[in-house]
Structures are given as C-alpha cells and as structure tokens.
>>> print(open('structure_30.tsv').read())   # TSV, C-alpha atoms and all ligand atoms
chain	number	residue	atom	x	y	z
A	99	MET	CA	250.72	192.57	165.73
A	100	ARG	CA	250.76	195.98	164.12
A	101	ASN	CA	249.58	196.16	160.51
A	102	CYS	CA	251.91	197.44	157.80
A	103	PRO	CA	252.15	201.24	158.12
A	104	TYR	CA	252.49	201.56	154.34
A	105	CYS	CA	249.63	199.50	152.92
A	106	ASN	CA	247.75	198.56	156.14
A	107	ASN	CA	247.78	194.85	155.33
A	108	SER	CA	248.91	192.28	157.89
A	109	GLY	CA	252.52	191.50	158.68
A	110	SER	CA	254.36	188.51	160.12
A	111	SER	CA	257.08	188.52	162.74
A	112	TYR	CA	260.46	188.69	160.96
A	113	PHE	CA	263.19	188.96	163.62
A	114	ASP	CA	264.07	190.42	167.03
A	115	PHE	CA	267.13	192.63	167.40
A	116	PHE	CA	267.87	193.26	171.09
A	117	SER	CA	264.68	194.86	172.45
A	118	ARG	CA	263.30	195.67	168.99
A	119	SER	CA	260.94	193.45	167.02
A	120	TYR	CA	260.61	193.75	163.26
A	121	ASN	CA	257.75	192.51	161.08
A	122	GLN	CA	257.46	192.05	157.34
A	123	CYS	CA	254.32	192.98	155.44
A	124	VAL	CA	252.95	189.95	153.61
A	125	THR	CA	251.65	192.20	150.81
A	126	CYS	CA	254.16	194.97	150.03
A	127	GLY	CA	257.22	193.39	151.70
A	128	LEU	CA	258.09	196.39	153.90
A	129	ILE	CA	260.15	195.42	156.98
A	130	TYR	CA	259.01	197.65	159.87
A	131	LYS	CA	259.34	197.93	163.63
A	132	GLU	CA	256.54	196.54	165.76
A	133	SER	CA	256.65	199.57	168.05
A	134	GLN	CA	256.90	202.66	165.92
A	135	ALA	CA	258.34	205.88	167.29
A	136	SER	CA	256.07	208.87	166.67
A	137	TYR	CA	257.00	211.43	164.03
A	138	GLU	CA	257.68	214.01	166.75
A	139	LYS	CA	259.87	211.66	168.81
A	140	THR	CA	261.93	210.73	165.75
A	141	LEU	CA	262.35	214.37	164.84
A	142	THR	CA	263.39	215.33	168.37
A	143	HIS	CA	266.10	212.65	168.24
A	144	TYR	CA	267.60	214.11	165.06
A	145	ARG	CA	267.24	217.68	166.28
A	146	GLU	CA	269.15	216.90	169.46
A	147	ASN	CA	271.44	213.90	168.97
A	148	TYR	CA	272.63	213.64	165.38
A	149	PHE	CA	275.15	216.50	165.43
A	150	GLY	CA	277.14	215.09	168.35
A	151	ARG	CA	277.28	211.59	166.90
A	152	TYR	CA	278.20	212.20	163.27
A	153	TYR	CA	279.91	215.59	163.09
A	154	SER	CA	283.38	214.11	163.73
A	155	VAL	CA	283.01	211.56	160.88
A	156	GLU	CA	282.05	214.24	158.40
A	157	VAL	CA	284.62	216.80	159.49
A	158	GLU	CA	287.36	214.14	159.19
A	159	GLY	CA	286.32	213.64	155.56
A	160	GLY	CA	285.05	210.08	156.02
A	161	ARG	CA	282.27	210.68	153.51
A	162	ASN	CA	284.17	212.80	150.95
A	163	LYS	CA	284.77	209.96	148.47
A	164	LEU	CA	281.17	208.87	148.83
A	165	PHE	CA	279.95	212.40	148.10
A	166	SER	CA	282.16	212.55	144.98
A	167	HIS	CA	280.73	209.23	143.83
A	168	ILE	CA	277.14	210.46	144.30
A	169	LEU	CA	277.84	213.68	142.39
A	170	ASP	CA	279.50	211.68	139.56
A	171	LEU	CA	276.44	209.43	139.37
A	172	ILE	CA	273.84	212.20	139.27
A	173	GLU	CA	275.91	214.34	136.89
A	174	GLU	CA	276.00	211.36	134.49
A	175	ASN	CA	272.21	211.46	134.53
A	176	ARG	CA	271.48	215.18	134.63
A	177	GLY	CA	274.62	217.29	134.27
A	178	ILE	CA	275.13	220.11	136.75
A	179	SER	CA	271.94	221.89	137.80
A	180	SER	CA	269.93	222.56	141.00
A	181	LEU	CA	269.92	220.23	143.98
A	182	LEU	CA	268.17	219.86	147.35
A	183	ASP	CA	269.76	217.57	149.95
A	184	VAL	CA	267.36	216.36	152.66
A	185	GLY	CA	268.97	215.77	156.09
A	186	THR	CA	272.12	217.54	155.00
A	187	SER	CA	273.72	217.71	158.45
A	188	CYS	CA	276.47	220.39	158.43
A	189	GLY	CA	276.40	220.57	154.63
A	190	PHE	CA	279.60	218.80	153.62
A	191	PHE	CA	277.81	217.25	150.64
A	192	LEU	CA	276.54	220.69	149.61
A	193	VAL	CA	280.08	222.08	149.79
A	194	ALA	CA	281.29	219.31	147.46
A	195	ALA	CA	278.37	220.02	145.08
A	196	ARG	CA	278.95	223.79	145.12
A	197	GLU	CA	282.64	223.29	144.26
A	198	ARG	CA	281.49	221.52	141.07
A	199	GLY	CA	279.12	224.34	140.13
A	200	TRP	CA	275.83	223.02	141.52
A	201	GLU	CA	273.20	225.37	142.87
A	202	ALA	CA	272.84	223.38	146.10
A	203	LYS	CA	270.47	223.84	149.04
A	204	GLY	CA	269.77	221.69	152.09
A	205	ILE	CA	267.22	220.87	154.76
A	206	GLU	CA	268.28	219.89	158.27
A	207	PRO	CA	266.33	219.57	161.56
A	208	SER	CA	269.35	220.08	163.87
A	209	ALA	CA	269.86	223.78	164.66
A	210	GLN	CA	273.49	223.06	165.67
A	211	SER	CA	274.24	221.52	162.28
A	212	VAL	CA	272.53	224.37	160.41
A	213	GLU	CA	274.54	226.90	162.36
A	214	VAL	CA	277.80	225.21	161.24
A	215	ALA	CA	276.56	225.02	157.63
A	216	GLN	CA	275.70	228.71	157.57
A	217	ARG	CA	278.56	230.11	159.65
A	218	GLU	CA	281.44	227.94	158.38
A	219	PHE	CA	280.41	227.42	154.77
A	220	GLY	CA	277.85	230.14	153.98
A	221	LEU	CA	275.38	227.50	152.77
A	222	ASP	CA	271.66	227.88	152.10
A	223	VAL	CA	270.22	225.36	154.60
A	224	TYR	CA	266.67	225.47	155.91
A	225	ASN	CA	266.36	224.55	159.60
A	226	GLY	CA	263.31	222.28	159.65
A	227	THR	CA	261.90	219.30	157.82
A	228	LEU	CA	260.91	218.50	154.28
A	229	GLN	CA	257.27	218.59	155.40
A	230	THR	CA	257.48	222.25	156.49
A	231	TYR	CA	259.63	223.38	153.55
A	232	ASN	CA	257.83	225.69	151.13
A	233	GLY	CA	258.24	225.34	147.42
A	234	ASN	CA	257.00	223.67	144.29
A	235	GLY	CA	258.62	222.13	141.24
A	236	GLN	CA	261.92	223.96	141.53
A	237	PHE	CA	264.70	221.35	141.78
A	238	ASP	CA	266.35	219.13	139.19
A	239	ILE	CA	267.64	216.68	141.83
A	240	ILE	CA	266.64	215.77	145.40
A	241	THR	CA	268.98	213.59	147.45
A	242	PHE	CA	268.34	211.54	150.61
A	243	ILE	CA	271.72	210.24	151.79
A	244	ASN	CA	271.11	207.76	154.63
A	245	VAL	CA	267.99	209.59	155.72
A	246	LEU	CA	264.83	207.85	154.51
A	247	ASP	CA	265.01	204.66	156.61
A	248	HIS	CA	265.12	206.84	159.76
A	249	SER	CA	261.91	208.63	158.83
A	250	ALA	CA	258.67	207.81	160.66
A	251	GLU	CA	256.72	207.94	157.37
A	252	PRO	CA	259.14	207.74	154.42
A	253	TRP	CA	256.34	207.70	151.82
A	254	LYS	CA	255.32	211.21	152.90
A	255	GLU	CA	258.90	212.36	152.27
A	256	ILE	CA	258.83	210.81	148.79
A	257	ARG	CA	255.49	212.47	147.99
A	258	LYS	CA	256.75	215.88	149.16
A	259	ALA	CA	260.02	215.44	147.24
A	260	SER	CA	258.05	214.62	144.11
A	261	GLY	CA	256.20	217.95	144.47
A	262	LEU	CA	259.49	219.84	144.79
A	263	LEU	CA	261.02	218.23	141.70
A	264	LYS	CA	260.62	219.56	138.19
A	265	PRO	CA	258.91	217.12	135.79
A	266	GLY	CA	261.63	214.73	134.67
A	267	GLY	CA	263.65	215.56	137.82
A	268	LEU	CA	265.76	212.94	139.53
A	269	ILE	CA	265.54	211.49	143.03
A	270	TYR	CA	268.58	209.86	144.66
A	271	LEU	CA	268.31	207.62	147.75
A	272	ARG	CA	271.06	205.92	149.77
A	273	PHE	CA	270.12	203.45	152.51
A	274	PRO	CA	271.38	200.31	154.33
A	275	ASN	CA	270.80	197.14	152.32
A	276	GLY	CA	267.76	195.76	154.16
A	277	PHE	CA	267.84	192.53	152.15
A	278	LEU	CA	271.44	191.79	153.16
A	279	HIS	CA	271.33	192.91	156.80
A	280	THR	CA	268.11	191.07	157.64
A	281	ARG	CA	269.15	187.83	155.87
A	282	VAL	CA	272.57	187.79	157.52
A	283	TYR	CA	271.05	188.41	160.95
A	284	ARG	CA	268.33	185.78	160.56
A	285	LEU	CA	270.83	183.20	159.32
A	286	ALA	CA	273.32	183.96	162.13
A	287	SER	CA	270.52	183.78	164.71
A	288	LYS	CA	269.54	180.35	163.41
A	289	PHE	CA	273.04	179.08	164.18
A	290	ARG	CA	273.28	181.04	167.48
A	291	LEU	CA	275.93	183.35	165.99
A	292	ALA	CA	273.99	186.61	166.27
A	293	ASN	CA	276.45	188.00	168.81
A	294	LEU	CA	279.24	187.77	166.25
A	295	VAL	CA	277.47	189.76	163.56
A	296	HIS	CA	275.15	192.27	165.23
A	297	ARG	CA	277.81	195.01	165.43
A	298	PHE	CA	278.16	194.97	161.64
A	299	LEU	CA	274.44	195.27	160.94
A	300	VAL	CA	272.16	198.28	160.79
A	301	PHE	CA	268.43	198.34	161.50
A	302	HIS	CA	266.63	201.66	161.80
A	303	GLN	CA	262.94	202.46	161.66
A	304	TYR	CA	262.62	200.44	158.44
A	305	CYS	CA	264.75	197.95	156.48
A	306	PHE	CA	264.49	198.73	152.79
A	307	THR	CA	264.88	195.98	150.21
A	308	PRO	CA	265.31	196.71	146.49
A	309	ALA	CA	261.81	195.28	145.87
A	310	TYR	CA	260.15	197.61	148.39
A	311	ILE	CA	262.04	200.74	147.21
A	312	THR	CA	261.05	199.96	143.62
A	313	LYS	CA	257.40	199.70	144.70
A	314	LEU	CA	257.54	202.89	146.80
A	315	LEU	CA	259.07	204.99	144.02
A	316	SER	CA	256.75	203.52	141.42
A	317	ASP	CA	253.65	204.15	143.62
A	318	TYR	CA	254.62	207.82	143.97
A	319	GLY	CA	255.10	208.58	140.30
A	320	PHE	CA	258.73	207.72	139.58
A	321	SER	CA	260.01	205.54	136.75
A	322	GLU	CA	263.36	204.46	135.23
A	323	ILE	CA	264.21	203.15	138.71
A	324	VAL	CA	267.78	201.84	139.02
A	325	ILE	CA	269.13	200.31	142.24
A	326	LEU	CA	272.86	199.69	142.69
A	327	ASN	CA	275.41	198.73	145.29
A	328	SER	CA	276.69	201.90	146.97
A	329	PRO	CA	280.31	202.45	148.03
A	330	THR	CA	280.85	202.48	151.77
A	331	SER	CA	281.90	205.63	153.59
A	332	GLU	CA	285.37	205.61	155.11
A	333	GLY	CA	284.22	206.89	158.49
A	334	ASP	CA	283.34	204.40	161.18
A	335	PRO	CA	280.64	206.04	163.34
A	336	GLN	CA	279.43	202.80	164.91
A	337	LYS	CA	282.94	201.44	165.43
A	338	PRO	CA	282.19	197.88	164.28
A	339	PHE	CA	285.89	197.28	163.69
A	340	TYR	CA	288.70	197.81	166.17
A	341	ALA	CA	291.15	199.51	163.81
A	342	PRO	CA	290.26	202.23	161.27
A	343	THR	CA	292.74	200.91	158.65
A	344	LEU	CA	291.32	197.39	158.94
A	345	SER	CA	287.82	198.84	158.70
A	346	LYS	CA	288.69	200.70	155.49
A	347	PHE	CA	290.34	197.61	153.96
A	348	ILE	CA	287.48	195.21	154.77
A	349	LYS	CA	284.71	197.62	153.71
A	350	LYS	CA	286.43	198.39	150.41
A	351	HIS	CA	286.92	194.72	149.53
A	352	LEU	CA	283.39	193.75	150.50
A	353	TYR	CA	282.13	196.53	148.21
A	354	LEU	CA	284.33	195.40	145.31
A	355	THR	CA	283.09	191.82	145.77
A	356	ALA	CA	279.49	193.06	145.78
A	357	LYS	CA	280.12	195.06	142.57
A	358	PHE	CA	281.57	191.95	140.92
A	359	ILE	CA	278.49	189.89	141.86
A	360	GLU	CA	276.24	192.77	140.67
A	361	PHE	CA	278.03	192.68	137.33
A	362	ILE	CA	277.88	188.88	136.97
A	363	TYR	CA	274.15	188.76	137.78
A	364	SER	CA	273.26	191.91	135.75
A	365	GLY	CA	272.27	193.92	138.83
A	366	LYS	CA	269.81	191.31	140.13
A	367	ILE	CA	271.87	190.43	143.23
A	368	LEU	CA	273.00	193.38	145.37
A	369	LEU	CA	275.12	192.49	148.39
A	370	SER	CA	276.86	195.73	149.39
A	371	SER	CA	276.20	197.01	152.90
A	372	SER	CA	274.44	200.08	151.46
A	373	LEU	CA	272.39	200.55	148.32
A	374	GLU	CA	271.57	203.57	146.20
A	375	ALA	CA	268.58	204.23	143.98
A	376	VAL	CA	267.97	206.79	141.25
A	377	ALA	CA	264.61	207.38	139.61
A	378	VAL	CA	262.97	209.93	137.34
A	379	LYS	CA	259.80	211.83	138.22
A	380	ASN	CA	257.10	211.16	135.67
A	381	ALA	CA	256.09	214.11	133.49
A	382	SER	CA	252.48	214.13	134.70
B	1	ZN	ZN	252.58	196.67	153.33
>>> encode(input="structure_30.tsv", output="structure tokens", more="lines below")
Ligand SMILES: [Zn+2]
Amino acid sequence: MRNCPYCNNSGSSYFDFFSRSYNQCVTCGLIYKESQASYEKTLTHYRENYFGRYYSVEVEGGRNKLFSHILDLIEENRGISSLLDVGTSCGFFLVAARERGWEAKGIEPSAQSVEVAQREFGLDVYNGTLQTYNGNGQFDIITFINVLDHSAEPWKEIRKASGLLKPGGLIYLRFPNGFLHTRVYRLASKFRLANLVHRFLVFHQYCFTPAYITKLLSDYGFSEIVILNSPTSEGDPQKPFYAPTLSKFIKKHLYLTAKFIEFIYSGKILLSSSLEAVAVKNAS
C-alpha cells in the first residue's frame, strides 16, 4: 500500500469506489487514492476536458449565487481589494468580483477557457498553473473554488499561494465535504446500498476533511482558520437528479439543514455537501 503522499507515514485501506481505491493516513488523516495520477496527467486532463464539461453550467449562471456568497464572505473579512482566483475557468467569478470593484485576476490551465475569459470579458487570466505563475506578496485574497482536491499535490499549491499573498492576506478554499461523502459511502456499502448513493457522492484525487484542511493550512503558515458549510451551486454538472427543479429544491434544503446543525453544534458538525475554509496568512 502506498504511503501517505503528504507526511509519508503509512495508510490503511479506507474504501473502494468503482475501480478506485482510497486509503487514509493513520497519522495526518488525509484520504488519498492508492494509484495517484501524475502531476502532468492531471494537468493534461484539466487543459483538455474541463471546458467542455463545465462551461454550460457556468454560462447558465448555475454558480452565480455561490459566487455572490463567496464575495460577501471575503468582503466581510477584508473589504474590497485585490484577488487571485486559481482554476478560474472562463472567469465568471472574476466578472462578479470586478462588478463589485475588486481588482481580480485568474489562473487557468485550459487555453479554451482563457480565450473566452479574455475575448468575452476582457479579463486578466494567466494561461498556466499556479506553479508557473510569477509574483510575490501581491494579493490580499487567493481563492480556490473546487480546485484543490483535484490537484496532484495540493500542499504545493498552498505553499505557492502563501508566497503570493501579502502578510495578513486571506486564503479561501471550497471543496467537497470529504468527511460526509466518505462516511455516507462506507455506511451505504456496509448495508449493500452503495448503488443508491454513489451518484450523489464526489471523490476526486483527495477527500478533504475539516481536520486535514486545518492541519494543512496550519502547517503552511495560516492561522484564524474557519471552516463552514458552503451553499451548493444551482448547476447540476453530474446530473445526480433527474429534474433540475427537484435538484435545486433538495440541495437547498439539505444545505439549510446542515446550517441548522452547524449552528446547534457551534460549527463542530458540518454536514453540507461542500465546505469552505478561510484562513489568514501569518505575518512572518
Ligand atoms: Zn499523512
């Protein structure tokens, strides 16, 4: 069995999802795939496939309310300033930020997406990756909206982001709730009900739990870490439900239930399908 790619300690088998096997590190708790795609292979996938799969959801406005929510959240913390969005796709989030007065830039590996961002919206989007982006200490906020759990080595992205943030700058992450998705799948599998739930669950390169994200951010020089339930997007790229209206209704009510439980348990139990984290870069 492959050792944990984060801390190199041993892992134990956690669950199998179709042809993929996932392990959990016994030391840091990271849930990771047994067979890891290489950095280059992962990048090639996002360069070539992402545009076709998600463009329609974004252009239909399925993430507009989510983007407004994220901007409200970071403005509460920092006001309106400078922002870098990693994996910005065609730049719909940047458009929403610019309309509010943000100085907003993006990074995106797909040349097709960057072309739309530049041609349709006149946005400042770098075609490449965070690792090849030049700069130092220039942004007040860096956002990763459903990006980090796809990365081959997310800790390298966090380290690079830290270097691009001003001291006291803010990082924002949104990712599938690894705690919820893995527990639901393991429980359903135990009762031979996995077929009923797998279409609602999301497992990428990694499954991030609140405990692991807190450790990762803390290890790379961030503090004041807050993790919350995140609202769901209204788009339905994986088509888990048969009717869009039903999808919207169910997702909204599951989120409201999760927020209620978050409130009752003072943020200690987070059961929304996606989570979001904000943290502050330490001064030195
Ligand atoms: Zn580990």
>>> residues_around(input="structure_30.tsv", residues="Ala381 of chain A", least_positions_apart="3", cutoff="10 Å", atoms="all atoms listed in the file", output="ChimeraX atom specification")
/A:264-267,319-321,378
>>> closest_residue(input="structure_30.tsv", among="A:Ala194, A:His143, A:Ile311, A:Ser166", to="Pro207 of chain A", atoms="all atoms listed in the file")
A:His143
>>> residues_near_ligand(input="structure_30.tsv", ligand="ligand ZN 1 (chain B)", cutoff="6 Å", atoms="all atoms listed in the file", output="ChimeraX atom specification")
/A:102,104-107,123,125-128
>>> residues_around(input="structure_30.tsv", residues="Gln134 of chain A", least_positions_apart="6", cutoff="12 Å", atoms="only C-alpha atoms", output="ChimeraX atom specification")
/A:99-103,118-121,140,248-251,302-304
>>> atom_distance(input="structure_30.tsv", atom1="atom CA of Thr280 of chain A", atom2="atom CA of Ile362 of chain A")
23.0 Å
>>> residues_around(input="structure_30.tsv", residues="segment 285-296 of chain A", least_positions_apart="3", cutoff="12 Å", atoms="only C-alpha atoms", output="PyMOL selection string")
chain A and resi 112-116+278-282+299-301+336+338-339
>>> closest_residue(input="structure_30.tsv", among="A:Gln216, A:Gln122, A:Ser370, A:Ser364", to="Pro274 of chain A", atoms="all atoms listed in the file")
A:Ser370
>>> closest_residue(input="structure_30.tsv", among="A:Arg198, A:Thr230, A:Lys163, A:Ile240", to="Thr186 of chain A", atoms="all atoms listed in the file")
A:Ile240
>>> residues_around(input="structure_30.tsv", residues="Arg176 of chain A", least_positions_apart="4", cutoff="8 Å", atoms="all atoms listed in the file", output="PDB file with C-alpha atoms, in the coordinates of the input")
ATOM      1  CA  ILE A 172     273.840 212.200 139.270  1.00  0.00           C
ATOM      2  CA  ASP A 238     266.350 219.130 139.190  1.00  0.00           C
ATOM      3  CA  LEU A 268     265.760 212.940 139.530  1.00  0.00           C
TER       4      LEU A 268
END
>>> residues_around(input="structure_30.tsv", residues="Val214 of chain A", least_positions_apart="6", cutoff="12 Å", atoms="only C-alpha atoms", output="list of chain:residue names")
A:Phe149, A:Tyr153, A:Val157, A:Thr186, A:Ser187, A:Cys188, A:Gly189, A:Phe190, A:Glu206, A:Ser208, A:Gly220, A:Leu221, A:Asp222, A:Val223, A:Asn225
>>> residues_near_point(input="structure_30.tsv", point="(281.7, 207.7, 151.4)", cutoff="7 Å", atoms="only C-alpha atoms", output="PDB file with C-alpha atoms, keeping the file's coordinate frame")
ATOM      1  CA  GLY A 160     285.050 210.080 156.020  1.00  0.00           C
ATOM      2  CA  ARG A 161     282.270 210.680 153.510  1.00  0.00           C
ATOM      3  CA  ASN A 162     284.170 212.800 150.950  1.00  0.00           C
ATOM      4  CA  LYS A 163     284.770 209.960 148.470  1.00  0.00           C
ATOM      5  CA  LEU A 164     281.170 208.870 148.830  1.00  0.00           C
ATOM      6  CA  PHE A 165     279.950 212.400 148.100  1.00  0.00           C
ATOM      7  CA  PRO A 329     280.310 202.450 148.030  1.00  0.00           C
ATOM      8  CA  THR A 330     280.850 202.480 151.770  1.00  0.00           C
ATOM      9  CA  SER A 331     281.900 205.630 153.590  1.00  0.00           C
ATOM     10  CA  GLU A 332     285.370 205.610 155.110  1.00  0.00           C
TER      11      GLU A 332
END
>>> closest_residue(input="structure_30.tsv", among="A:Gln229, A:Ser316, A:Ser117, A:Asn275", to="Ile367 of chain A", atoms="only C-alpha atoms")
A:Asn275
>>> atom_distance(input="structure_30.tsv", atom1="atom CA of Val124 of chain A", atom2="atom CA of Glu322 of chain A")
25.6 Å
>>> closest_residue(input="structure_30.tsv", among="A:Phe298, A:Tyr224, A:Tyr231, A:Tyr130", to="Ser372 of chain A", atoms="all atoms listed in the file")
A:Phe298
>>> closest_residue(input="structure_30.tsv", among="A:Asn327, A:Pro308, A:Leu228, A:Arg284", to="Phe361 of chain A", atoms="all atoms listed in the file")
A:Asn327
>>> axis_aligned_box(input="structure_30.tsv", around="segment 163-168 of chain A", padding_each_side="4 Å", output="lines of an AutoDock Vina configuration file")
center_x = 281.0
center_y = 210.7
center_z = 146.3
size_x = 15.6
size_y = 11.7
size_z = 13.0
>>> atom_distance(input="structure_30.tsv", atom1="atom CA of Leu182 of chain A", atom2="atom CA of Ile205 of chain A")
7.5 Å
